[in-house]
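A.B. asks: Sharing a structure, written as structure tokens. Questions coming.
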Amino acid sequence: MNIYIDKHQNDREIVVLVKGEIDAFTAPKLREELLPLAQGKNQLITVNLKDVSYLDSTGLGVFVGLFKQLKNNDGDLRLIELSDRLKRLFEITGLSNIMNICVNSEGGGR
Amino acid sequence: MNEVMDYIEMKIPAKPDYVGVIRLTLSGVASRMGYTYEEIEDMKIALSEACTNAVQHAYQMDEGGEVIVGFGVYPNKLEMVVADSGKSFDFIQTKNELGPYTESSTVEQLSEGGLGLFLIETLMDEVRVLNHSGVTVFMVKYRSGERDNHDTTIANRETN
């Protein structure tokens with residue numbers, strides 16, 4: 001069980017691909033990788049979650065922290081390709097009303 | 001119907017490193033019992049949240065120690081227990097100490113969990129917290145076919 005984080009910058013935004021399970025063990029690593037990216041003014045970050053097989057409140061906390069920091073610097077966060085499971089988690093916690101969430105067009109699933 | 005059939009217990013160091021191992025065990029136990037994929041994923045989150053709380057509790061107290069995770073397998077439900085006292089405990093005795101399920105001991109006592117506890121309560125059918133020297137969380141998930149009996153089960157217990 002581990003986490004893999006792949007970052008690349010294009011002309012407008014930083015795109016981050018996260019793979020693996022985000023829990024109490026891996027969330028600190030994810031936070032360490034993501035928060036420094038949110039320092040710049042007007043920074044846009046897109047996080048692709050299609051290969052995230054598990055997420056709980058520790059992971060939600062990382063994205064909330066990232067979202068707040070980006071907003072403070074007039075930037076924004078986009079989470080894309082969420083599976084049905086992940087989408088449900090953002091919905092029941094109310095975060096889907098606050099954050100920019102895009103579902104996988106294939107309908108997600110496992 | 002309410003007699004525990006099998007009881008499985010694991011003891012892990014109070015470190016976040018092992019929460020994933022607990023999830024794997026739960027997957028095995030719950031799929032053997034016939035839970036659906038969605039139910040198992042819900043239980044994995046709830047159990048992880050409880051373990052994370054226990055690990056963080058142990059860390060804040062700076063006592064290291066261990067977290068005990070128990071799985072009570074019933075014909076119609078799975079009961080998961082997470083205890084952060086570090087000491088081994090008697091499942092039946094601890095369960096009986098809860099007695100009739102009054103609302104006096106609520107999840108608020110674990111409020112540092114925040115979203116985590118909200119998720120536990122949302123994803124599980126029953127949640128109870130016992131606060132002694134450590135914190136013990138009991139979480140129950142009924143099998144899909146048994147959910148219709150869920151309310152009466154609670155009512156019966158409360159009148160006992």
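Starting from 1 in every chain, residues are counted up; chains themselves are A, B, ... following the order of the structure tokens, and ligands are numbered from 1 as listed.
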Mind checking which residues fall within 6 Å of B:Thr136, counting only C-alpha atoms, ignoring those fewer than 4 positions away in the same chain, and posting them as a PyMOL selection string?

C.D. replies: chain B and resi 82-83+129-130

A.B. asks: List as CSV every residue of chain B that is in contact with chain A, defined as an atom at most 9 Å from one of its atoms (using only C-alpha atoms), together with the nearest atom pair and the distance in Å rounded to one decimal, sorted by chain and then rising number.

C.D. replies:
residue,atom,partner,partner_atom,distance
B:Lys15,CA,A:Phe25,CA,8.2
B:Pro16,CA,A:Phe25,CA,4.7
B:Asp17,CA,A:Phe25,CA,5.2
B:Tyr18,CA,A:Phe25,CA,8.0
B:Val19,CA,A:Ala24,CA,7.5
B:Gly20,CA,A:Met1,CA,6.9
B:Val21,CA,A:Met1,CA,8.6
B:Glu38,CA,A:Arg85,CA,8.1
B:Glu41,CA,A:Arg85,CA,8.1
B:Lys44,CA,A:Tyr54,CA,8.9
B:Ile45,CA,A:Asp56,CA,5.9
B:Ala46,CA,A:Asp56,CA,8.6
B:Ser48,CA,A:Asp56,CA,7.7
B:Glu49,CA,A:Ser57,CA,7.2
B:Thr52,CA,A:Ala24,CA,6.3
B:Gly113,CA,A:Ser57,CA,9.0
B:Gly114,CA,A:Ser57,CA,8.8
B:Leu115,CA,A:Ser57,CA,6.1
B:Gly116,CA,A:Ser57,CA,5.4
B:Phe118,CA,A:Thr93,CA,8.2
B:Leu119,CA,A:Thr93,CA,7.7
B:Thr122,CA,A:Ile92,CA,8.2

A.B. asks: Export, as a tab-separated table (two decimals), in the first residue's frame, the selected residues with C-alpha atoms.

C.D. replies:
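Generated output (again04.tsv):
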chain	number	residue	atom	x	y	z
B	15	LYS	CA	0.90	3.96	13.90
B	16	PRO	CA	-0.83	5.04	10.69
B	17	ASP	CA	1.36	2.57	8.79
B	18	TYR	CA	-0.91	-0.37	9.67
B	19	VAL	CA	-4.38	1.07	9.04
B	20	GLY	CA	-4.22	-0.31	5.49
B	21	VAL	CA	-3.54	-3.78	6.84
B	38	GLU	CA	-20.36	-0.92	-1.82
B	41	GLU	CA	-16.04	0.00	0.81
B	44	LYS	CA	-13.43	0.17	5.08
B	45	ILE	CA	-13.80	3.93	5.43
B	46	ALA	CA	-15.58	3.70	8.79
B	48	SER	CA	-10.12	3.31	8.93
B	49	GLU	CA	-11.56	6.46	10.47
B	52	THR	CA	-7.01	6.77	12.55
B	113	GLY	CA	-12.08	13.31	14.62
B	114	GLY	CA	-14.44	15.82	13.02
B	115	LEU	CA	-15.22	14.64	9.52
B	116	GLY	CA	-13.99	11.16	10.37
B	118	PHE	CA	-19.29	12.07	10.76
B	119	LEU	CA	-18.34	9.47	8.15
B	122	THR	CA	-23.08	8.07	8.14

A.B. asks: Hey, which of A:Asp6, A:Asp74, A:Ile98, A:Ser83 ends up closest to A:Leu30? Count only C-alpha atoms.

C.D. replies: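 With only C-alpha atoms as the atom set, the closest residue is A:Asp6.
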
A.B. asks: If you run DSSP on the backbone, which residues of chain A are helix (DSSP H, G or I), as a ChimeraX atom specification?

C.D. replies: /A:27-38,57-72,84-92,95-97

A.B. asks: Show me, as a ChimeraX atom specification, the residues that have an atom within 7 Å of B:Glu9 when counting only C-alpha atoms, minus same-chain residues fewer than 6 positions from it.

C.D. replies: /B:69-71

A.B. asks: Write to file, as a PDB file, in the first residue's frame, the residues of the selection just made, with C-alpha atoms.

C.D. replies:
ATOM      1  CA  VAL B  69      -9.361  -4.171  16.302  1.00  0.00           C
ATOM      2  CA  GLY B  70     -12.044  -6.810  16.720  1.00  0.00           C
ATOM      3  CA  PHE B  71     -14.500  -8.291  14.253  1.00  0.00           C
TER       4      PHE B  71
END

A.B. asks: Let me make sure I understand: among B:Ile68, B:Ala50, B:Leu78, B:Met5, which one has the smallest atom-to-atom distance to B:Met33 if we use only C-alpha atoms?

C.D. replies: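 Under the stated criterion, the closest residue is B:Leu78.
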
A.B. asks: Smallest atom-to-atom distance to B:Ala30: which of B:Met80, B:Lys11, B:Val135, B:Glu66, using only C-alpha atoms?

C.D. replies: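 Among B:Met80, B:Lys11, B:Val135, B:Glu66, it is B:Met80 that comes nearest to B:Ala30.
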
A.B. asks: Rounded to one decimal in Å, what is the spacing between atom CA of A:Val15 and atom CA of A:Lys29?

C.D. replies: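 Taking atom CA of A:Val15 as the start and atom CA of A:Lys29 as the end point, the length is 17.1 Å.
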
A.B. asks: Residues of chain A classed as strand (DSSP E) by DSSP on the backbone are to be reported as a PyMOL selection string.

C.D. replies: chain A and resi 3-9+14-22+44-55+76-82+100-103

A.B. asks: Mind writing the picked residues with N, CA and C atoms as an mmCIF file, in the first residue's frame?

C.D. replies:
data_model
loop_
_atom_site.group_PDB
_atom_site.id
_atom_site.type_symbol
_atom_site.label_atom_id
_atom_site.label_comp_id
_atom_site.auth_asym_id
_atom_site.auth_seq_id
_atom_site.Cartn_x
_atom_site.Cartn_y
_atom_site.Cartn_z
ATOM 1 N N ILE A 3 1.530 5.349 -2.206
ATOM 2 C CA ILE A 3 0.944 6.383 -3.033
ATOM 3 C C ILE A 3 1.992 6.879 -4.022
ATOM 4 N N TYR A 4 1.539 7.170 -5.237
ATOM 5 C CA TYR A 4 2.438 7.697 -6.262
ATOM 6 C C TYR A 4 1.881 9.018 -6.763
ATOM 7 N N ILE A 5 2.737 10.001 -6.835
ATOM 8 C CA ILE A 5 2.304 11.339 -7.216
ATOM 9 C C ILE A 5 3.141 11.808 -8.398
ATOM 10 N N ASP A 6 2.445 12.155 -9.477
ATOM 11 C CA ASP A 6 3.124 12.590 -10.698
ATOM 12 C C ASP A 6 2.644 14.001 -11.029
ATOM 13 N N LYS A 7 3.569 14.950 -11.134
ATOM 14 C CA LYS A 7 3.188 16.346 -11.365
ATOM 15 C C LYS A 7 3.757 16.829 -12.682
ATOM 16 N N HIS A 8 2.961 17.542 -13.452
ATOM 17 C CA HIS A 8 3.573 18.270 -14.567
ATOM 18 C C HIS A 8 2.850 19.578 -14.836
ATOM 19 N N GLN A 9 3.611 20.533 -15.275
ATOM 20 C CA GLN A 9 3.133 21.893 -15.471
ATOM 21 C C GLN A 9 2.857 22.095 -16.949
ATOM 22 N N ILE A 14 -1.001 23.366 -13.102
ATOM 23 C CA ILE A 14 -0.230 22.190 -12.704
ATOM 24 C C ILE A 14 -1.200 21.011 -12.650
ATOM 25 N N VAL A 15 -0.849 19.957 -13.357
ATOM 26 C CA VAL A 15 -1.694 18.760 -13.342
ATOM 27 C C VAL A 15 -1.004 17.695 -12.499
ATOM 28 N N VAL A 16 -1.757 17.166 -11.534
ATOM 29 C CA VAL A 16 -1.204 16.170 -10.625
ATOM 30 C C VAL A 16 -1.989 14.874 -10.788
ATOM 31 N N LEU A 17 -1.259 13.779 -10.987
ATOM 32 C CA LEU A 17 -1.897 12.465 -11.049
ATOM 33 C C LEU A 17 -1.534 11.714 -9.759
ATOM 34 N N VAL A 18 -2.556 11.315 -9.033
ATOM 35 C CA VAL A 18 -2.323 10.584 -7.782
ATOM 36 C C VAL A 18 -2.767 9.144 -7.991
ATOM 37 N N LYS A 19 -1.926 8.222 -7.550
ATOM 38 C CA LYS A 19 -2.263 6.797 -7.651
ATOM 39 C C LYS A 19 -2.128 6.139 -6.303
ATOM 40 N N GLY A 20 -3.078 5.273 -5.977
ATOM 41 C CA GLY A 20 -2.954 4.483 -4.758
ATOM 42 C C GLY A 20 -4.016 4.804 -3.733
ATOM 43 N N GLU A 21 -3.705 4.540 -2.476
ATOM 44 C CA GLU A 21 -4.656 4.727 -1.387
ATOM 45 C C GLU A 21 -4.262 5.952 -0.575
ATOM 46 N N ILE A 22 -5.234 6.824 -0.328
ATOM 47 C CA ILE A 22 -4.962 8.007 0.486
ATOM 48 C C ILE A 22 -5.594 7.794 1.857
ATOM 49 N N LEU A 44 -3.519 27.581 -10.731
ATOM 50 C CA LEU A 44 -4.555 26.571 -10.954
ATOM 51 C C LEU A 44 -3.931 25.189 -10.811
ATOM 52 N N ILE A 45 -4.594 24.335 -10.058
ATOM 53 C CA ILE A 45 -4.127 22.957 -9.919
ATOM 54 C C ILE A 45 -5.269 22.009 -10.253
ATOM 55 N N THR A 46 -4.973 21.043 -11.110
ATOM 56 C CA THR A 46 -5.933 19.984 -11.407
ATOM 57 C C THR A 46 -5.368 18.676 -10.879
ATOM 58 N N VAL A 47 -6.170 17.988 -10.079
ATOM 59 C CA VAL A 47 -5.732 16.703 -9.544
ATOM 60 C C VAL A 47 -6.591 15.603 -10.152
ATOM 61 N N ASN A 48 -5.939 14.682 -10.839
ATOM 62 C CA ASN A 48 -6.644 13.543 -11.428
ATOM 63 C C ASN A 48 -6.649 12.392 -10.425
ATOM 64 N N LEU A 49 -7.862 11.972 -10.059
ATOM 65 C CA LEU A 49 -8.009 10.961 -9.003
ATOM 66 C C LEU A 49 -8.432 9.602 -9.549
ATOM 67 N N LYS A 50 -8.297 9.404 -10.860
ATOM 68 C CA LYS A 50 -8.855 8.173 -11.425
ATOM 69 C C LYS A 50 -8.174 6.907 -10.895
ATOM 70 N N ASP A 51 -6.946 7.024 -10.457
ATOM 71 C CA ASP A 51 -6.238 5.849 -9.942
ATOM 72 C C ASP A 51 -6.157 5.821 -8.418
ATOM 73 N N VAL A 52 -7.030 6.607 -7.788
ATOM 74 C CA VAL A 52 -7.103 6.558 -6.323
ATOM 75 C C VAL A 52 -8.124 5.501 -5.926
ATOM 76 N N SER A 53 -7.647 4.434 -5.320
ATOM 77 C CA SER A 53 -8.530 3.301 -5.021
ATOM 78 C C SER A 53 -9.171 3.417 -3.646
ATOM 79 N N TYR A 54 -8.642 4.321 -2.819
ATOM 80 C CA TYR A 54 -9.208 4.492 -1.478
ATOM 81 C C TYR A 54 -8.968 5.919 -1.007
ATOM 82 N N LEU A 55 -9.981 6.494 -0.379
ATOM 83 C CA LEU A 55 -9.863 7.854 0.154
ATOM 84 C C LEU A 55 -10.730 7.958 1.403
ATOM 85 N N ASP A 76 -7.162 28.315 -7.911
ATOM 86 C CA ASP A 76 -8.302 27.398 -7.836
ATOM 87 C C ASP A 76 -7.842 25.947 -7.948
ATOM 88 N N LEU A 77 -8.733 25.069 -7.484
ATOM 89 C CA LEU A 77 -8.453 23.630 -7.495
ATOM 90 C C LEU A 77 -9.556 22.909 -8.249
ATOM 91 N N ARG A 78 -9.150 21.950 -9.063
ATOM 92 C CA ARG A 78 -10.118 21.130 -9.785
ATOM 93 C C ARG A 78 -9.764 19.671 -9.535
ATOM 94 N N LEU A 79 -10.741 18.888 -9.145
ATOM 95 C CA LEU A 79 -10.526 17.450 -8.959
ATOM 96 C C LEU A 79 -11.265 16.736 -10.082
ATOM 97 N N ILE A 80 -10.550 15.907 -10.835
ATOM 98 C CA ILE A 80 -11.186 15.280 -12.003
ATOM 99 C C ILE A 80 -11.114 13.758 -11.962
ATOM 100 N N GLU A 81 -11.996 13.168 -12.763
ATOM 101 C CA GLU A 81 -12.077 11.717 -12.971
ATOM 102 C C GLU A 81 -12.257 10.949 -11.673
ATOM 103 N N LEU A 82 -13.174 11.451 -10.835
ATOM 104 C CA LEU A 82 -13.486 10.741 -9.599
ATOM 105 C C LEU A 82 -14.322 9.508 -9.901
ATOM 106 N N ASN A 100 -14.638 22.208 -6.850
ATOM 107 C CA ASN A 100 -14.872 21.915 -8.256
ATOM 108 C C ASN A 100 -14.545 20.449 -8.543
ATOM 109 N N ILE A 101 -15.600 19.636 -8.678
ATOM 110 C CA ILE A 101 -15.441 18.192 -8.833
ATOM 111 C C ILE A 101 -15.939 17.767 -10.213
ATOM 112 N N CYS A 102 -15.125 17.055 -10.955
ATOM 113 C CA CYS A 102 -15.565 16.540 -12.258
ATOM 114 C C CYS A 102 -15.509 15.024 -12.224
ATOM 115 N N VAL A 103 -16.632 14.421 -12.638
ATOM 116 C CA VAL A 103 -16.690 12.955 -12.617
ATOM 117 C C VAL A 103 -16.169 12.408 -13.932
#

A.B. asks: So, counting only C-alpha atoms, which residue among A:Met99, A:Glu33, A:Asp11, A:Gly94 is closest to A:Lys71?

C.D. replies: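 Checking each of A:Met99, A:Glu33, A:Asp11, A:Gly94 against A:Lys71, counting only C-alpha atoms, the winner is A:Met99.
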
A.B. asks: Would you compute the distance between atom CA of A:Gln69 and atom CA of A:Ala38? Give it in Å to one decimal.

C.D. replies: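 Answer for the atom CA of A:Gln69 to atom CA of A:Ala38 separation: 6.3 Å.
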
A.B. asks: If I take atom CA of A:Asn73 and atom CA of A:Asn10, how far is one from the other in Å, to one decimal?

C.D. replies: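 Separation of atom CA of A:Asn73 and atom CA of A:Asn10: 19.2 Å.
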
A.B. asks: Looking at only C-alpha atoms, which of B:Ala54, B:Ser31, B:Pro13, B:Val137 is the one that sits closest to B:Ile120?

C.D. replies: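 Answer, going by the shortest atom-to-atom distance: B:Val137.
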